[in-house]
Amino acid sequence: MLKILLAEWARAKVTAKHVRHAVFIVEQNIAEADEWDDYDENALHIVASIDGNPIGTARLTSEGTIGHMAVLKNFRNQGTGSGMMEQIIKTAKQSQIKELSLHAQRSAEGFYVKHDFVIDGDEFTQAGVPHITMKRVLRW
Ligand SMILES: CC(C)(COP(=O)(O)OP(=O)(O)OC[C@H]1O[C@@H](n2cnc3c(N)ncnc32)[C@H](O)[C@@H]1OP(=O)(O)O)[C@@H](O)C(=O)NCCC(=O)NCCS
């Protein structure tokens, strides 16, 4: 059964690191130095698991920035990413965040469009990958 939980870094880090390492460092060949930063310590982390096995993660900062969203390859297109996004939106509204923003990999843009994010600005390269800033205004 799919479970989606919120946790601080101390509790989320083993799971989040496992998923982000598999997706960004191994699958996408992103450098370790580009994957880990100090924002993890203070962000809220979303962790998805099936039957206790971690399959997805993302983080939300107190400023409303979503980052490092990832679902293990074999578990994609089954609604996990959407479940995590719904949890992020619910949490952000509870925290009275007015706008969510993120740097989307161009290859994932369509996923965020499905969740009502719109492009804001021009394409740029981050960690060697083409990205675009996307935003969604929240009403609560
Ligand atoms: C992007 C990602 C997190 C989506 O997670 P997921 O669990 O596969 O997403 P869902 O199954 O909830 O998909 C929801 C919808 O978005 C669509 N979608 C998913 N990934 C997509 C993508 N990369 N591009 C376009 N549409 C996408 C699905 O087809 C589905 O559409 P539907 O509602 O019409 O059926 C996942 O594909 C992933 O980890 N990709 C690799 C890492 C990555 O690129 N992360 C984003 C960094 S910005």
# chains A, B, ... in the order shown; residues from 1 in each chain; ligands from 1
call {"tool": "residues_near_ligand", "arguments": {"ligand": "ligand 1", "cutoff": "7 Å", "atoms": "only C-alpha atoms and all ligand atoms", "output": "ChimeraX atom specification"}}
result
/A:23-24,67-73,75-83,103-105,107-111,114
call {"tool": "select_by_dssp", "arguments": {"residues": "stretch 13-128 of chain A", "states": "helix (DSSP H, G or I)", "output": "PyMOL selection string"}}
result
chain A and resi 13-27+32-35+39-42+73-75+80-94+106-114
call {"tool": "write_last_selection", "arguments": {"atoms": "C-alpha atoms", "output": "mmCIF file, in the first residue's frame"}}
result
data_model
loop_
_atom_site.group_PDB
_atom_site.id
_atom_site.type_symbol
_atom_site.label_atom_id
_atom_site.label_comp_id
_atom_site.auth_asym_id
_atom_site.auth_seq_id
_atom_site.Cartn_x
_atom_site.Cartn_y
_atom_site.Cartn_z
ATOM 1 C CA LYS A 13 17.178 11.510 5.278
ATOM 2 C CA VAL A 14 17.858 7.785 4.891
ATOM 3 C CA THR A 15 14.843 7.369 2.623
ATOM 4 C CA ALA A 16 15.228 10.641 0.758
ATOM 5 C CA LYS A 17 18.916 10.021 0.135
ATOM 6 C CA HIS A 18 18.198 6.520 -1.173
ATOM 7 C CA VAL A 19 15.649 7.747 -3.729
ATOM 8 C CA ARG A 20 17.524 10.897 -4.767
ATOM 9 C CA HIS A 21 20.763 8.960 -5.162
ATOM 10 C CA ALA A 22 19.071 6.372 -7.413
ATOM 11 C CA VAL A 23 17.223 8.940 -9.535
ATOM 12 C CA PHE A 24 19.502 11.956 -9.794
ATOM 13 C CA ILE A 25 23.017 10.613 -9.250
ATOM 14 C CA VAL A 26 22.773 7.139 -10.813
ATOM 15 C CA GLU A 27 19.985 7.496 -13.391
ATOM 16 C CA GLU A 32 26.940 14.497 -5.890
ATOM 17 C CA ALA A 33 27.939 18.102 -5.194
ATOM 18 C CA ASP A 34 24.924 19.383 -7.130
ATOM 19 C CA GLU A 35 22.462 17.101 -5.352
ATOM 20 C CA TYR A 39 18.465 23.551 2.494
ATOM 21 C CA ASP A 40 17.707 19.904 3.319
ATOM 22 C CA GLU A 41 18.274 20.557 7.027
ATOM 23 C CA ASN A 42 15.454 23.085 7.316
ATOM 24 C CA LYS A 73 11.925 4.580 -12.285
ATOM 25 C CA ASN A 74 9.990 1.335 -11.860
ATOM 26 C CA PHE A 75 7.244 3.107 -9.923
ATOM 27 C CA THR A 80 2.954 8.657 -6.684
ATOM 28 C CA GLY A 81 4.294 12.007 -7.904
ATOM 29 C CA SER A 82 0.762 13.410 -7.923
ATOM 30 C CA GLY A 83 0.131 12.081 -4.425
ATOM 31 C CA MET A 84 3.280 13.809 -3.208
ATOM 32 C CA MET A 85 2.287 17.038 -4.961
ATOM 33 C CA GLU A 86 -1.171 16.953 -3.352
ATOM 34 C CA GLN A 87 0.493 16.569 0.045
ATOM 35 C CA ILE A 88 2.816 19.494 -0.715
ATOM 36 C CA ILE A 89 -0.113 21.718 -1.727
ATOM 37 C CA LYS A 90 -2.111 20.797 1.370
ATOM 38 C CA THR A 91 0.883 21.465 3.629
ATOM 39 C CA ALA A 92 1.731 24.741 1.888
ATOM 40 C CA LYS A 93 -1.847 25.985 2.301
ATOM 41 C CA GLN A 94 -1.807 25.054 5.994
ATOM 42 C CA ARG A 106 12.388 20.495 -18.975
ATOM 43 C CA SER A 107 11.697 16.757 -19.265
ATOM 44 C CA ALA A 108 9.352 16.956 -16.248
ATOM 45 C CA GLU A 109 7.589 20.189 -17.252
ATOM 46 C CA GLY A 110 4.455 18.316 -18.383
ATOM 47 C CA PHE A 111 4.056 16.786 -14.930
ATOM 48 C CA TYR A 112 3.991 20.216 -13.290
ATOM 49 C CA VAL A 113 1.651 21.643 -15.947
ATOM 50 C CA LYS A 114 -0.797 18.891 -14.958
#
call {"tool": "residues_around", "arguments": {"residues": "stretch 132-136 of chain A", "least_positions_apart": "5", "cutoff": "6 Å", "atoms": "only C-alpha atoms", "output": "list in words"}}
result
Glu99, Leu100, Ser101, Leu102, His103, Ala104, Phe117, Val118, Ile119, Asp120 and Glu123 of chain A
call {"tool": "atom_distance", "arguments": {"atom1": "atom CA of A:Leu44", "atom2": "atom CA of A:Ile97"}}
result
13.4 Å
call {"tool": "select_by_dssp", "arguments": {"residues": "stretch 66-134 of chain A", "states": "strand (DSSP E or B)", "output": "ChimeraX atom specification"}}
result
/A:66-71,99-105,118-119,124-126,129-134
call {"tool": "write_last_selection", "arguments": {"atoms": "C-alpha atoms", "output": "PDB file, in the first residue's frame"}}
result
ATOM      1  CA  ILE A  66       9.629  22.652  -4.081  1.00  0.00           C
ATOM      2  CA  GLY A  67      12.733  20.681  -4.968  1.00  0.00           C
ATOM      3  CA  HIS A  68      14.360  17.355  -5.662  1.00  0.00           C
ATOM      4  CA  MET A  69      11.103  15.607  -6.529  1.00  0.00           C
ATOM      5  CA  ALA A  70      11.785  12.045  -7.599  1.00  0.00           C
ATOM      6  CA  VAL A  71      10.046   8.696  -7.973  1.00  0.00           C
ATOM      7  CA  GLU A  99       2.924  30.812  -4.037  1.00  0.00           C
ATOM      8  CA  LEU A 100       4.802  27.622  -4.844  1.00  0.00           C
ATOM      9  CA  SER A 101       7.812  27.742  -7.115  1.00  0.00           C
ATOM     10  CA  LEU A 102      10.298  25.246  -8.463  1.00  0.00           C
ATOM     11  CA  HIS A 103      13.038  24.720 -10.990  1.00  0.00           C
ATOM     12  CA  ALA A 104      11.629  22.063 -13.297  1.00  0.00           C
ATOM     13  CA  GLN A 105      13.760  19.881 -15.468  1.00  0.00           C
ATOM     14  CA  VAL A 118       3.008  27.853 -15.201  1.00  0.00           C
ATOM     15  CA  ILE A 119       6.354  28.786 -16.700  1.00  0.00           C
ATOM     16  CA  PHE A 124      18.553  27.927 -17.826  1.00  0.00           C
ATOM     17  CA  THR A 125      21.033  25.151 -17.075  1.00  0.00           C
ATOM     18  CA  GLN A 126      21.356  23.776 -13.555  1.00  0.00           C
ATOM     19  CA  VAL A 129      20.391  19.902 -17.088  1.00  0.00           C
ATOM     20  CA  PRO A 130      17.998  22.331 -18.887  1.00  0.00           C
ATOM     21  CA  HIS A 131      15.495  23.796 -16.401  1.00  0.00           C
ATOM     22  CA  ILE A 132      12.667  26.301 -16.300  1.00  0.00           C
ATOM     23  CA  THR A 133      11.179  28.156 -13.317  1.00  0.00           C
ATOM     24  CA  MET A 134       7.520  27.267 -12.734  1.00  0.00           C
TER      25      MET A 134
END
call {"tool": "closest_residue", "arguments": {"among": "A:Val137, A:Ala48, A:Leu60, A:Ile30", "to": "A:Glu8", "atoms": "only C-alpha atoms"}}
result
A:Leu60
call {"tool": "closest_residue", "arguments": {"among": "A:Trp140, A:Ser95, A:Gln28, A:Leu2", "to": "A:Val47", "atoms": "only C-alpha atoms"}}
result
A:Leu2
call {"tool": "closest_residue", "arguments": {"among": "A:Ala10, A:Ala127, A:Leu138, A:Ala31", "to": "A:Lys98", "atoms": "only C-alpha atoms"}}
result
A:Leu138
call {"tool": "decode", "arguments": {"residues": "stretch 1-31 of chain A", "atoms": "N, CA and C atoms", "output": "PDB file, in the first residue's frame"}}
result
ATOM      1  N   MET A   1       0.824  -1.200   0.000  1.00  0.00           N
ATOM      2  CA  MET A   1       0.000   0.000   0.000  1.00  0.00           C
ATOM      3  C   MET A   1       0.867   1.263   0.000  1.00  0.00           C
ATOM      4  N   LEU A   2       0.477   2.251  -0.810  1.00  0.00           N
ATOM      5  CA  LEU A   2       1.240   3.505  -0.895  1.00  0.00           C
ATOM      6  C   LEU A   2       0.988   4.371   0.335  1.00  0.00           C
ATOM      7  N   LYS A   3       2.084   4.840   0.940  1.00  0.00           N
ATOM      8  CA  LYS A   3       1.974   5.760   2.075  1.00  0.00           C
ATOM      9  C   LYS A   3       2.785   7.006   1.754  1.00  0.00           C
ATOM     10  N   ILE A   4       2.225   8.170   2.025  1.00  0.00           N
ATOM     11  CA  ILE A   4       2.955   9.422   1.814  1.00  0.00           C
ATOM     12  C   ILE A   4       3.008  10.169   3.141  1.00  0.00           C
ATOM     13  N   LEU A   5       4.223  10.413   3.606  1.00  0.00           N
ATOM     14  CA  LEU A   5       4.418  11.034   4.921  1.00  0.00           C
ATOM     15  C   LEU A   5       5.232  12.313   4.798  1.00  0.00           C
ATOM     16  N   LEU A   6       5.064  13.164   5.788  1.00  0.00           N
ATOM     17  CA  LEU A   6       5.886  14.369   5.902  1.00  0.00           C
ATOM     18  C   LEU A   6       6.879  14.150   7.029  1.00  0.00           C
ATOM     19  N   ALA A   7       8.102  14.600   6.829  1.00  0.00           N
ATOM     20  CA  ALA A   7       9.084  14.425   7.909  1.00  0.00           C
ATOM     21  C   ALA A   7      10.178  15.471   7.821  1.00  0.00           C
ATOM     22  N   GLU A   8      10.769  15.747   8.963  1.00  0.00           N
ATOM     23  CA  GLU A   8      11.948  16.606   8.971  1.00  0.00           C
ATOM     24  C   GLU A   8      13.150  15.795   8.502  1.00  0.00           C
ATOM     25  N   TRP A   9      14.231  16.498   8.177  1.00  0.00           N
ATOM     26  CA  TRP A   9      15.382  15.840   7.547  1.00  0.00           C
ATOM     27  C   TRP A   9      15.945  14.702   8.400  1.00  0.00           C
ATOM     28  N   ALA A  10      15.979  14.900   9.709  1.00  0.00           N
ATOM     29  CA  ALA A  10      16.569  13.873  10.571  1.00  0.00           C
ATOM     30  C   ALA A  10      15.866  12.527  10.393  1.00  0.00           C
ATOM     31  N   ARG A  11      14.541  12.585  10.174  1.00  0.00           N
ATOM     32  CA  ARG A  11      13.778  11.349  10.049  1.00  0.00           C
ATOM     33  C   ARG A  11      13.687  10.887   8.588  1.00  0.00           C
ATOM     34  N   ALA A  12      13.752  11.859   7.656  1.00  0.00           N
ATOM     35  CA  ALA A  12      13.546  11.524   6.238  1.00  0.00           C
ATOM     36  C   ALA A  12      14.841  11.159   5.527  1.00  0.00           C
ATOM     37  N   LYS A  13      15.971  11.482   6.107  1.00  0.00           N
ATOM     38  CA  LYS A  13      17.178  11.510   5.278  1.00  0.00           C
ATOM     39  C   LYS A  13      17.604  10.159   4.710  1.00  0.00           C
ATOM     40  N   VAL A  14      17.427   9.087   5.436  1.00  0.00           N
ATOM     41  CA  VAL A  14      17.858   7.785   4.891  1.00  0.00           C
ATOM     42  C   VAL A  14      17.044   7.469   3.631  1.00  0.00           C
ATOM     43  N   THR A  15      15.733   7.654   3.737  1.00  0.00           N
ATOM     44  CA  THR A  15      14.843   7.369   2.623  1.00  0.00           C
ATOM     45  C   THR A  15      15.054   8.339   1.468  1.00  0.00           C
ATOM     46  N   ALA A  16      15.087   9.626   1.800  1.00  0.00           N
ATOM     47  CA  ALA A  16      15.228  10.641   0.758  1.00  0.00           C
ATOM     48  C   ALA A  16      16.556  10.474   0.027  1.00  0.00           C
ATOM     49  N   LYS A  17      17.595  10.193   0.765  1.00  0.00           N
ATOM     50  CA  LYS A  17      18.916  10.021   0.135  1.00  0.00           C
ATOM     51  C   LYS A  17      18.910   8.810  -0.787  1.00  0.00           C
ATOM     52  N   HIS A  18      18.263   7.741  -0.358  1.00  0.00           N
ATOM     53  CA  HIS A  18      18.198   6.520  -1.173  1.00  0.00           C
ATOM     54  C   HIS A  18      17.541   6.824  -2.521  1.00  0.00           C
ATOM     55  N   VAL A  19      16.391   7.488  -2.489  1.00  0.00           N
ATOM     56  CA  VAL A  19      15.649   7.747  -3.729  1.00  0.00           C
ATOM     57  C   VAL A  19      16.388   8.773  -4.592  1.00  0.00           C
ATOM     58  N   ARG A  20      16.844   9.855  -3.985  1.00  0.00           N
ATOM     59  CA  ARG A  20      17.524  10.897  -4.767  1.00  0.00           C
ATOM     60  C   ARG A  20      18.833  10.377  -5.347  1.00  0.00           C
ATOM     61  N   HIS A  21      19.525   9.527  -4.624  1.00  0.00           N
ATOM     62  CA  HIS A  21      20.763   8.960  -5.162  1.00  0.00           C
ATOM     63  C   HIS A  21      20.451   8.107  -6.399  1.00  0.00           C
ATOM     64  N   ALA A  22      19.418   7.266  -6.290  1.00  0.00           N
ATOM     65  CA  ALA A  22      19.071   6.372  -7.413  1.00  0.00           C
ATOM     66  C   ALA A  22      18.625   7.173  -8.636  1.00  0.00           C
ATOM     67  N   VAL A  23      17.805   8.216  -8.401  1.00  0.00           N
ATOM     68  CA  VAL A  23      17.223   8.940  -9.535  1.00  0.00           C
ATOM     69  C   VAL A  23      18.190   9.980 -10.106  1.00  0.00           C
ATOM     70  N   PHE A  24      18.718  10.840  -9.259  1.00  0.00           N
ATOM     71  CA  PHE A  24      19.502  11.956  -9.794  1.00  0.00           C
ATOM     72  C   PHE A  24      20.969  11.578 -10.045  1.00  0.00           C
ATOM     73  N   ILE A  25      21.583  10.874  -9.110  1.00  0.00           N
ATOM     74  CA  ILE A  25      23.017  10.613  -9.250  1.00  0.00           C
ATOM     75  C   ILE A  25      23.264   9.423 -10.171  1.00  0.00           C
ATOM     76  N   VAL A  26      22.536   8.331  -9.974  1.00  0.00           N
ATOM     77  CA  VAL A  26      22.773   7.139 -10.813  1.00  0.00           C
ATOM     78  C   VAL A  26      22.061   7.280 -12.155  1.00  0.00           C
ATOM     79  N   GLU A  27      20.742   7.489 -12.131  1.00  0.00           N
ATOM     80  CA  GLU A  27      19.985   7.496 -13.391  1.00  0.00           C
ATOM     81  C   GLU A  27      20.310   8.724 -14.258  1.00  0.00           C
ATOM     82  N   GLN A  28      20.358   9.905 -13.620  1.00  0.00           N
ATOM     83  CA  GLN A  28      20.543  11.129 -14.417  1.00  0.00           C
ATOM     84  C   GLN A  28      21.990  11.606 -14.450  1.00  0.00           C
ATOM     85  N   ASN A  29      22.863  10.915 -13.724  1.00  0.00           N
ATOM     86  CA  ASN A  29      24.288  11.239 -13.769  1.00  0.00           C
ATOM     87  C   ASN A  29      24.622  12.651 -13.277  1.00  0.00           C
ATOM     88  N   ILE A  30      23.840  13.141 -12.325  1.00  0.00           N
ATOM     89  CA  ILE A  30      24.095  14.457 -11.738  1.00  0.00           C
ATOM     90  C   ILE A  30      25.179  14.311 -10.671  1.00  0.00           C
ATOM     91  N   ALA A  31      26.051  15.315 -10.592  1.00  0.00           N
ATOM     92  CA  ALA A  31      27.175  15.238  -9.640  1.00  0.00           C
ATOM     93  C   ALA A  31      26.660  15.276  -8.199  1.00  0.00           C
TER      94      ALA A  31
END
